[in-house]
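The next block is run.csv, given as CSV, C-alpha atoms and all ligand atoms.
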chain,number,residue,atom,x,y,z
A,1,MET,CA,10.9,-76.8,-204.7
A,2,TYR,CA,7.7,-78.3,-203.6
A,3,ARG,CA,4.9,-75.9,-203.0
A,4,LYS,CA,1.5,-76.7,-201.6
A,5,GLY,CA,-1.5,-75.1,-203.2
A,6,LYS,CA,-5.2,-75.4,-202.9
A,7,LEU,CA,-8.2,-75.4,-205.2
A,8,TYR,CA,-10.9,-73.1,-203.8
A,9,PHE,CA,-14.5,-72.7,-204.9
A,10,ARG,CA,-16.3,-69.6,-203.6
A,11,TYR,CA,-19.9,-69.7,-204.8
A,12,GLY,CA,-22.9,-67.4,-204.5
A,13,THR,CA,-25.9,-66.2,-206.4
A,14,MET,CA,-26.0,-63.2,-208.7
A,15,GLY,CA,-25.5,-59.9,-206.8
A,16,SER,CA,-23.5,-61.6,-204.0
A,17,ALA,CA,-20.5,-59.5,-204.8
A,18,LYS,CA,-18.3,-62.4,-206.0
A,19,THR,CA,-16.5,-60.2,-208.6
A,20,ALA,CA,-16.0,-57.4,-206.0
A,21,LEU,CA,-14.5,-60.0,-203.7
A,22,LEU,CA,-12.2,-61.3,-206.5
A,23,LEU,CA,-11.0,-57.7,-207.2
A,24,THR,CA,-10.4,-56.8,-203.6
A,25,THR,CA,-8.4,-60.0,-203.2
A,26,ALA,CA,-6.3,-59.0,-206.3
A,27,TYR,CA,-5.9,-55.5,-204.7
A,28,ASN,CA,-4.7,-57.1,-201.4
A,29,PHE,CA,-2.2,-59.3,-203.3
A,30,GLU,CA,-0.8,-56.2,-205.0
A,31,GLU,CA,-0.4,-54.4,-201.7
A,32,ARG,CA,1.6,-57.4,-200.4
A,33,HIS,CA,3.6,-57.8,-203.6
A,34,MET,CA,2.1,-61.2,-204.2
A,35,ASP,CA,2.1,-62.8,-207.6
A,36,TYR,CA,-1.4,-63.5,-209.1
A,37,MET,CA,-3.2,-63.7,-212.4
A,38,CYS,CA,-6.9,-63.1,-213.2
A,39,MET,CA,-8.7,-65.2,-215.7
A,40,LYS,CA,-12.3,-65.5,-216.9
A,41,PRO,CA,-14.1,-67.8,-219.3
A,42,ILE,CA,-15.3,-65.9,-222.3
A,43,VAL,CA,-19.0,-66.5,-223.0
A,44,ASP,CA,-19.9,-63.7,-225.3
A,45,THR,CA,-17.2,-63.6,-228.0
A,46,ARG,CA,-18.2,-60.1,-229.1
A,47,GLU,CA,-16.6,-59.0,-225.8
A,48,CYS,CA,-13.3,-57.3,-226.7
A,49,THR,CA,-11.8,-55.7,-223.6
A,50,ASN,CA,-10.2,-58.3,-221.4
A,51,VAL,CA,-11.0,-56.8,-218.0
A,52,ILE,CA,-12.9,-58.0,-214.9
A,53,ARG,CA,-15.1,-55.1,-213.8
A,54,SER,CA,-17.3,-54.7,-210.7
A,55,ARG,CA,-20.0,-52.3,-209.7
A,56,ILE,CA,-17.8,-51.0,-206.9
A,57,GLY,CA,-15.6,-49.4,-209.6
A,58,ILE,CA,-12.4,-51.4,-209.6
A,59,GLU,CA,-11.2,-53.4,-212.6
A,60,ARG,CA,-8.3,-55.7,-213.4
A,61,GLU,CA,-7.0,-57.1,-216.6
A,62,CYS,CA,-7.7,-60.8,-217.2
A,63,ARG,CA,-6.7,-63.5,-219.5
A,64,TRP,CA,-9.7,-65.1,-221.4
A,65,ILE,CA,-10.4,-68.8,-221.1
A,66,TYR,CA,-11.9,-70.2,-224.3
A,67,ALA,CA,-13.9,-73.4,-224.3
A,68,THR,CA,-10.9,-75.0,-226.0
A,69,THR,CA,-8.2,-73.5,-223.7
A,70,ASP,CA,-6.0,-76.1,-222.0
A,71,LEU,CA,-5.3,-74.4,-218.7
A,72,TYR,CA,-2.6,-76.9,-217.5
A,73,GLY,CA,-0.9,-76.6,-220.9
A,74,MET,CA,-1.0,-72.8,-220.5
A,75,ALA,CA,0.6,-73.0,-217.0
A,76,LEU,CA,3.4,-75.3,-218.3
A,77,GLU,CA,4.1,-73.1,-221.2
A,78,MET,CA,4.5,-70.1,-218.9
A,79,TYR,CA,6.9,-72.1,-216.8
A,80,ARG,CA,8.9,-73.2,-219.9
A,81,LYS,CA,9.1,-69.7,-221.4
A,82,GLU,CA,9.3,-67.4,-218.4
A,83,LYS,CA,10.2,-69.7,-215.6
A,84,ARG,CA,7.1,-68.4,-214.0
A,85,ILE,CA,4.7,-70.4,-211.7
A,86,VAL,CA,1.8,-68.1,-210.7
A,87,ASP,CA,1.2,-68.2,-207.0
A,88,TRP,CA,-2.5,-67.3,-207.1
A,89,TYR,CA,-5.0,-67.7,-210.0
A,90,LEU,CA,-8.2,-65.8,-209.5
A,91,ILE,CA,-11.0,-67.0,-211.8
A,92,ASP,CA,-14.2,-65.2,-212.3
A,93,GLU,CA,-17.4,-66.8,-213.6
A,94,ALA,CA,-16.0,-70.2,-212.9
A,95,GLN,CA,-19.4,-71.8,-213.5
A,96,PHE,CA,-18.7,-71.5,-217.3
A,97,LEU,CA,-15.5,-73.6,-217.1
A,98,THR,CA,-15.8,-77.1,-218.6
A,99,ALA,CA,-15.4,-80.1,-216.3
A,100,GLN,CA,-12.1,-80.8,-218.1
A,101,GLN,CA,-10.8,-77.3,-217.4
A,102,VAL,CA,-11.6,-77.7,-213.7
A,103,ASP,CA,-9.5,-80.9,-213.7
A,104,GLN,CA,-6.7,-79.0,-215.4
A,105,LEU,CA,-6.9,-76.4,-212.6
A,106,ALA,CA,-6.6,-79.2,-210.1
A,107,ARG,CA,-3.5,-80.4,-211.9
A,108,ILE,CA,-2.0,-76.9,-211.7
A,109,VAL,CA,-2.5,-77.1,-208.0
A,110,ASP,CA,-1.2,-80.6,-207.5
A,111,ASP,CA,1.8,-80.6,-209.9
A,112,LEU,CA,2.9,-76.9,-209.8
A,113,GLY,CA,1.7,-75.9,-206.3
A,114,SER,CA,-0.2,-72.9,-207.4
A,115,ASN,CA,-3.4,-71.8,-205.5
A,116,VAL,CA,-6.5,-71.5,-207.7
A,117,VAL,CA,-9.5,-69.5,-206.4
A,118,CYS,CA,-12.7,-70.0,-208.4
A,119,PHE,CA,-15.6,-67.6,-208.0
A,120,GLY,CA,-18.9,-68.5,-209.5
A,121,LEU,CA,-22.5,-69.3,-209.4
A,122,ARG,CA,-23.8,-72.6,-208.0
A,123,THR,CA,-26.8,-73.0,-210.3
A,124,ASP,CA,-28.5,-71.6,-213.4
A,125,PHE,CA,-32.0,-70.0,-213.7
A,126,LYS,CA,-33.6,-73.5,-213.6
A,127,SER,CA,-31.8,-74.2,-210.3
A,128,ASN,CA,-29.5,-76.8,-211.9
A,129,LEU,CA,-25.8,-77.0,-211.4
A,130,PHE,CA,-23.5,-75.5,-214.1
A,131,GLU,CA,-20.9,-77.9,-215.5
A,132,GLY,CA,-17.9,-76.0,-214.0
A,133,SER,CA,-19.6,-75.6,-210.6
A,134,ARG,CA,-20.5,-79.3,-210.5
A,135,ARG,CA,-16.9,-80.3,-211.0
A,136,LEU,CA,-15.7,-77.8,-208.5
A,137,PHE,CA,-18.1,-79.2,-205.9
A,138,GLU,CA,-16.7,-82.6,-206.6
A,139,ILE,CA,-13.0,-81.9,-206.4
A,140,ALA,CA,-12.2,-78.5,-204.7
A,141,ASP,CA,-10.2,-78.6,-201.5
A,142,THR,CA,-12.1,-75.7,-199.9
A,143,ILE,CA,-15.6,-74.7,-200.7
A,144,ASP,CA,-17.4,-71.7,-199.2
A,145,GLU,CA,-20.5,-69.8,-199.8
A,146,ILE,CA,-20.7,-66.0,-200.4
A,147,LYS,CA,-24.1,-65.3,-198.9
A,148,SER,CA,-26.7,-62.7,-199.8
A,149,THR,CA,-30.2,-62.0,-198.7
A,150,CYS,CA,-33.6,-62.3,-200.5
A,151,ASN,CA,-36.1,-59.4,-200.1
A,152,CYS,CA,-37.9,-61.6,-197.6
A,153,GLY,CA,-34.8,-62.0,-195.4
A,154,HIS,CA,-33.9,-65.6,-196.2
A,155,LYS,CA,-30.7,-66.6,-198.0
A,156,THR,CA,-30.7,-66.4,-201.8
A,157,ILE,CA,-30.5,-69.7,-203.5
A,158,VAL,CA,-31.9,-69.3,-207.1
A,159,ASN,CA,-30.9,-67.0,-209.9
A,160,ALA,CA,-34.3,-66.5,-211.4
A,161,ARG,CA,-34.5,-65.3,-215.0
A,162,ILE,CA,-37.1,-62.6,-215.4
A,163,ASP,CA,-38.8,-61.5,-218.7
A,164,SER,CA,-39.8,-58.0,-219.7
A,165,GLU,CA,-43.1,-58.4,-217.9
A,166,GLY,CA,-41.5,-59.4,-214.6
A,167,ASN,CA,-42.4,-63.1,-214.9
A,168,ILE,CA,-40.0,-65.9,-214.0
A,169,VAL,CA,-38.8,-67.7,-217.1
A,170,SER,CA,-38.5,-71.4,-216.9
A,171,GLU,CA,-37.6,-72.4,-220.5
A,172,GLY,CA,-34.6,-71.5,-222.6
A,173,ALA,CA,-30.9,-72.0,-223.0
A,174,GLN,CA,-28.7,-72.0,-219.9
A,175,VAL,CA,-26.7,-69.1,-221.2
A,176,GLU,CA,-28.6,-66.4,-223.2
A,177,ILE,CA,-26.1,-64.3,-225.1
A,178,GLY,CA,-27.2,-60.8,-225.8
A,179,GLY,CA,-30.7,-61.5,-224.5
A,180,ASN,CA,-32.8,-58.9,-222.8
A,181,ASP,CA,-33.7,-61.1,-219.8
A,182,ARG,CA,-32.7,-60.0,-216.3
A,183,TYR,CA,-31.9,-62.0,-213.3
A,184,VAL,CA,-32.9,-61.7,-209.7
A,185,ALA,CA,-31.5,-63.7,-206.9
A,186,VAL,CA,-34.2,-65.1,-204.6
A,187,CYS,CA,-34.6,-67.6,-201.8
A,188,ARG,CA,-36.1,-71.0,-202.7
A,189,ARG,CA,-39.4,-70.3,-201.1
A,190,CYS,CA,-40.0,-67.0,-202.9
A,191,TRP,CA,-39.0,-68.7,-206.2
A,192,ARG,CA,-41.5,-71.5,-205.7
A,193,ASN,CA,-44.3,-69.1,-204.5
A,194,ARG,CA,-43.8,-66.9,-207.5
A,195,ARG,CA,-43.9,-69.8,-209.9
A,196,ILE,CA,-47.1,-71.1,-208.3
A,197,GLU,CA,-48.6,-67.6,-208.5
A,198,GLN,CA,-47.7,-67.4,-212.2
A,199,ALA,CA,-49.1,-70.9,-212.9
A,200,ARG,CA,-52.4,-69.7,-211.3
A,201,ARG,CA,-52.5,-66.8,-213.7
A,202,GLY,CA,-51.8,-69.1,-216.6
A,203,SER,CA,-48.5,-67.7,-217.6
A,204,LEU,CA,-46.5,-70.6,-216.3
A,205,PRO,CA,-48.2,-74.0,-216.4
A,206,LEU,CA,-45.0,-75.9,-215.8
A,207,VAL,CA,-45.0,-76.1,-212.0
A,208,PHE,CA,-48.1,-78.4,-212.0
A,209,ASP,CA,-46.9,-80.5,-215.0
A,210,GLU,CA,-43.7,-81.4,-213.1
A,211,GLY,CA,-45.8,-82.7,-210.2
A,212,THR,CA,-48.1,-84.7,-212.5
A,213,GLU,CA,-45.2,-86.4,-214.2
A,214,GLN,CA,-43.8,-87.5,-210.9
A,215,THR,CA,-47.1,-89.0,-209.8
A,216,GLN,CA,-47.3,-90.9,-213.1
A,217,GLU,CA,-43.9,-92.4,-212.5
A,218,VAL,CA,-44.8,-93.7,-209.2
A,219,THR,CA,-48.1,-95.4,-210.3
A,220,GLU,CA,-46.7,-97.0,-213.4
B,1,ZN,ZN,-37.4,-64.9,-200.3
Rewrite the coordinates I just gave you, this time as structure tokens.
Amino acid sequence: MYRKGKLYFRYGTMGSAKTALLLTTAYNFEERHMDYMCMKPIVDTRECTNVIRSRIGIERECRWIYATTDLYGMALEMYRKEKRIVDWYLIDEAQFLTAQQVDQLARIVDDLGSNVVCFGLRTDFKSNLFEGSRRLFEIADTIDEIKSTCNCGHKTIVNARIDSEGNIVSEGAQVEIGGNDRYVAVCRRCWRNRRIEQARRGSLPLVFDEGTEQTQEVTE
């Protein structure tokens, strides 16, 4: 039997209720007796309970995706052992998938006819694409944005990393495990203004360095 599935990417900034949306989708599937499975890349290996949880209070069990997990292989194995082809895969934190894993998801869609819905962030705290998100933008069938609003009223774009003094952090690893940094989703304009303001106070010299570098490139 040929089934036609799709690879979806639903992206947003932090706090845009992506996980809540995933969980309400799962709930709706249950109501309609539809077959689905939740999955999530595991970033912090100290995590031991395999659940997806949201601030609205619902949670669902999920299967962990490790950096080495072959997702297509896993789906085939499930078919061989249980004759099961999952109708809908719901994937949280899809930005943490490897590019290869996104390709494997595409194969699950194309060869097995499952639907795969990936929820995730577009970019990191430096406003650069995550590996998984980049690949999803490249090959997903359907892409849509889950919008949320900055304090100023504009749409949020950047997930700014904030240190204990409330300053925007611009250096460091893409993923901080167990760090004390917080994140705040802001619009592009507020992000730039805050960095300029910090640079004036001397706590963030990078904004102007970037500009100088660019000028040098042009004149050389
Ligand atoms: Zn703003």
Cut-off 8 Å: closest chain A/ligand ZN 1 (chain B) atom pairs per residue, using all atoms listed in the file, as a Markdown table:
| residue | atom | partner | partner_atom | distance |
| --- | --- | --- | --- | --- |
| A:Thr149 | CA | B:ZN1 | ZN | 7.9 |
| A:Cys150 | CA | B:ZN1 | ZN | 4.6 |
| A:Asn151 | CA | B:ZN1 | ZN | 5.7 |
| A:Cys152 | CA | B:ZN1 | ZN | 4.3 |
| A:Gly153 | CA | B:ZN1 | ZN | 6.3 |
| A:His154 | CA | B:ZN1 | ZN | 5.4 |
| A:Lys155 | CA | B:ZN1 | ZN | 7.3 |
| A:Thr156 | CA | B:ZN1 | ZN | 7.0 |
| A:Val186 | CA | B:ZN1 | ZN | 5.4 |
| A:Cys187 | CA | B:ZN1 | ZN | 4.2 |
| A:Arg188 | CA | B:ZN1 | ZN | 6.7 |
| A:Arg189 | CA | B:ZN1 | ZN | 5.8 |
| A:Cys190 | CA | B:ZN1 | ZN | 4.2 |
| A:Trp191 | CA | B:ZN1 | ZN | 7.2 |
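You will find atom CA of A:Tyr36 at 22.0 Å from atom CA of A:Ala67.
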Protein and nucleic acid residues near (-14.1, -79.2, -220.2) (cut-off 8 Å, only C-alpha atoms) as a ChimeraX atom specification: /A:67-68,97-102,132
Export of prior selection with C-alpha atoms as a short mmCIF file (atom, residue, chain, number, x, y, z; two decimals), in the frame of the given file:
data_model
loop_
_atom_site.label_atom_id
_atom_site.label_comp_id
_atom_site.auth_asym_id
_atom_site.auth_seq_id
_atom_site.Cartn_x
_atom_site.Cartn_y
_atom_site.Cartn_z
CA ALA A 67 -13.90 -73.40 -224.30
CA THR A 68 -10.90 -75.00 -226.00
CA LEU A 97 -15.50 -73.60 -217.10
CA THR A 98 -15.80 -77.10 -218.60
CA ALA A 99 -15.40 -80.10 -216.30
CA GLN A 100 -12.10 -80.80 -218.10
CA GLN A 101 -10.80 -77.30 -217.40
CA VAL A 102 -11.60 -77.70 -213.70
CA GLY A 132 -17.90 -76.00 -214.00
#
Atom CA of A:Asn50 and atom CA of A:Trp64, how far apart in Å?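 Distance reported for this atom pair: 6.8 Å.
If you look at atom CA of A:Leu7 and atom CA of A:Val109, they are 6.6 Å away from each other.
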Which stretch 147-170 of chain A residues have any atom within 8 Å of an atom of stretch 118-129 of chain A, and for each, what is the nearest pair of atoms with distance in Å to one decimal, counting only C-alpha atoms, rows sorted by chain and number, as a Markdown table?
| residue | atom | partner | partner_atom | distance |
| --- | --- | --- | --- | --- |
| A:Val158 | CA | A:Ser127 | CA | 5.9 |
| A:Asn159 | CA | A:Phe125 | CA | 5.0 |
| A:Ala160 | CA | A:Phe125 | CA | 4.8 |
| A:Arg161 | CA | A:Phe125 | CA | 5.5 |
| A:Val169 | CA | A:Phe125 | CA | 7.9 |
| A:Ser170 | CA | A:Lys126 | CA | 6.3 |
Include C-alpha atoms and write out the residues we just selected as a PDB file, in the frame of the given file.
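Listing of selection_36.pdb after writing:
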ATOM      1  CA  VAL A 158     -31.900 -69.300-207.100  1.00  0.00           C
ATOM      2  CA  ASN A 159     -30.900 -67.000-209.900  1.00  0.00           C
ATOM      3  CA  ALA A 160     -34.300 -66.500-211.400  1.00  0.00           C
ATOM      4  CA  ARG A 161     -34.500 -65.300-215.000  1.00  0.00           C
ATOM      5  CA  VAL A 169     -38.800 -67.700-217.100  1.00  0.00           C
ATOM      6  CA  SER A 170     -38.500 -71.400-216.900  1.00  0.00           C
TER       7      SER A 170
END
Stretch 38-94 of chain A near stretch 11-34 of chain A within 8 Å: what's each residue's closest atom pair and its distance in Å to one decimal, counting only C-alpha atoms, ordered by chain then ascending residue number, as JSON lines?
{"residue": "A:Ile52", "atom": "CA", "partner": "A:Thr19", "partner_atom": "CA", "distance": 7.6}
{"residue": "A:Arg53", "atom": "CA", "partner": "A:Thr19", "partner_atom": "CA", "distance": 7.4}
{"residue": "A:Ser54", "atom": "CA", "partner": "A:Ala20", "partner_atom": "CA", "distance": 5.6}
{"residue": "A:Arg55", "atom": "CA", "partner": "A:Ala20", "partner_atom": "CA", "distance": 7.5}
{"residue": "A:Ile56", "atom": "CA", "partner": "A:Ala20", "partner_atom": "CA", "distance": 6.7}
{"residue": "A:Ile58", "atom": "CA", "partner": "A:Leu23", "partner_atom": "CA", "distance": 6.9}
{"residue": "A:Glu59", "atom": "CA", "partner": "A:Leu23", "partner_atom": "CA", "distance": 6.9}
{"residue": "A:Arg60", "atom": "CA", "partner": "A:Leu23", "partner_atom": "CA", "distance": 7.1}
{"residue": "A:Asp87", "atom": "CA", "partner": "A:Met34", "partner_atom": "CA", "distance": 7.6}
{"residue": "A:Leu90", "atom": "CA", "partner": "A:Leu22", "partner_atom": "CA", "distance": 6.7}
{"residue": "A:Ile91", "atom": "CA", "partner": "A:Leu22", "partner_atom": "CA", "distance": 7.9}
{"residue": "A:Asp92", "atom": "CA", "partner": "A:Thr19", "partner_atom": "CA", "distance": 6.6}
Give the answer as one residue: which of A:Asp103, A:Asp144, A:Glu176, A:Glu77 has the shortest atom-to-atom distance to A:Glu131, using only C-alpha atoms? A:Asp103
Between A:Asp35, A:Glu82, A:Glu197, A:Asp163, single out the one closest to A:Arg182, counting all atoms listed in the file.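 Smallest distance to A:Arg182 is found for A:Asp163.
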How would you write as a list in words the residues that get within 6 Å of (-7.6, -69.5, -206.7) in the file's frame, counting all atoms listed in the file?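 Counting all atoms listed in the file, I find these residues within 6 Å of (-7.6, -69.5, -206.7): Tyr8, Trp88, Tyr89, Leu90, Asn115, Val116, Val117 and Cys118 of chain A.
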For the residues in that selection, give me C-alpha atoms as a short mmCIF file (atom, residue, chain, number, x, y, z; two decimals), in the coordinates of the input.
data_model
loop_
_atom_site.label_atom_id
_atom_site.label_comp_id
_atom_site.auth_asym_id
_atom_site.auth_seq_id
_atom_site.Cartn_x
_atom_site.Cartn_y
_atom_site.Cartn_z
CA TYR A 8 -10.90 -73.10 -203.80
CA TRP A 88 -2.50 -67.30 -207.10
CA TYR A 89 -5.00 -67.70 -210.00
CA LEU A 90 -8.20 -65.80 -209.50
CA ASN A 115 -3.40 -71.80 -205.50
CA VAL A 116 -6.50 -71.50 -207.70
CA VAL A 117 -9.50 -69.50 -206.40
CA CYS A 118 -12.70 -70.00 -208.40
#
Kindly indicate which residue among A:Phe9, A:Pro41, A:Arg194, A:Leu76 lies nearest to A:Glu138, using all atoms listed in the file for the distances.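 Result for the nearest residue to A:Glu138: A:Phe9.
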Under the rule that only C-alpha atoms are counted, which of A:Ile85, A:Val175, A:Ala185, A:Lys6 is the nearest residue to A:Thr142?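 For A:Thr142, the nearest of the given residues is A:Lys6.
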Using only C-alpha atoms, find the one residue out of A:Thr49, A:Ile42, A:Gly5, A:Ser203 that sits nearest to A:Arg107.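 Of A:Thr49, A:Ile42, A:Gly5, A:Ser203, the one nearest A:Arg107 is A:Gly5, counting only C-alpha atoms.
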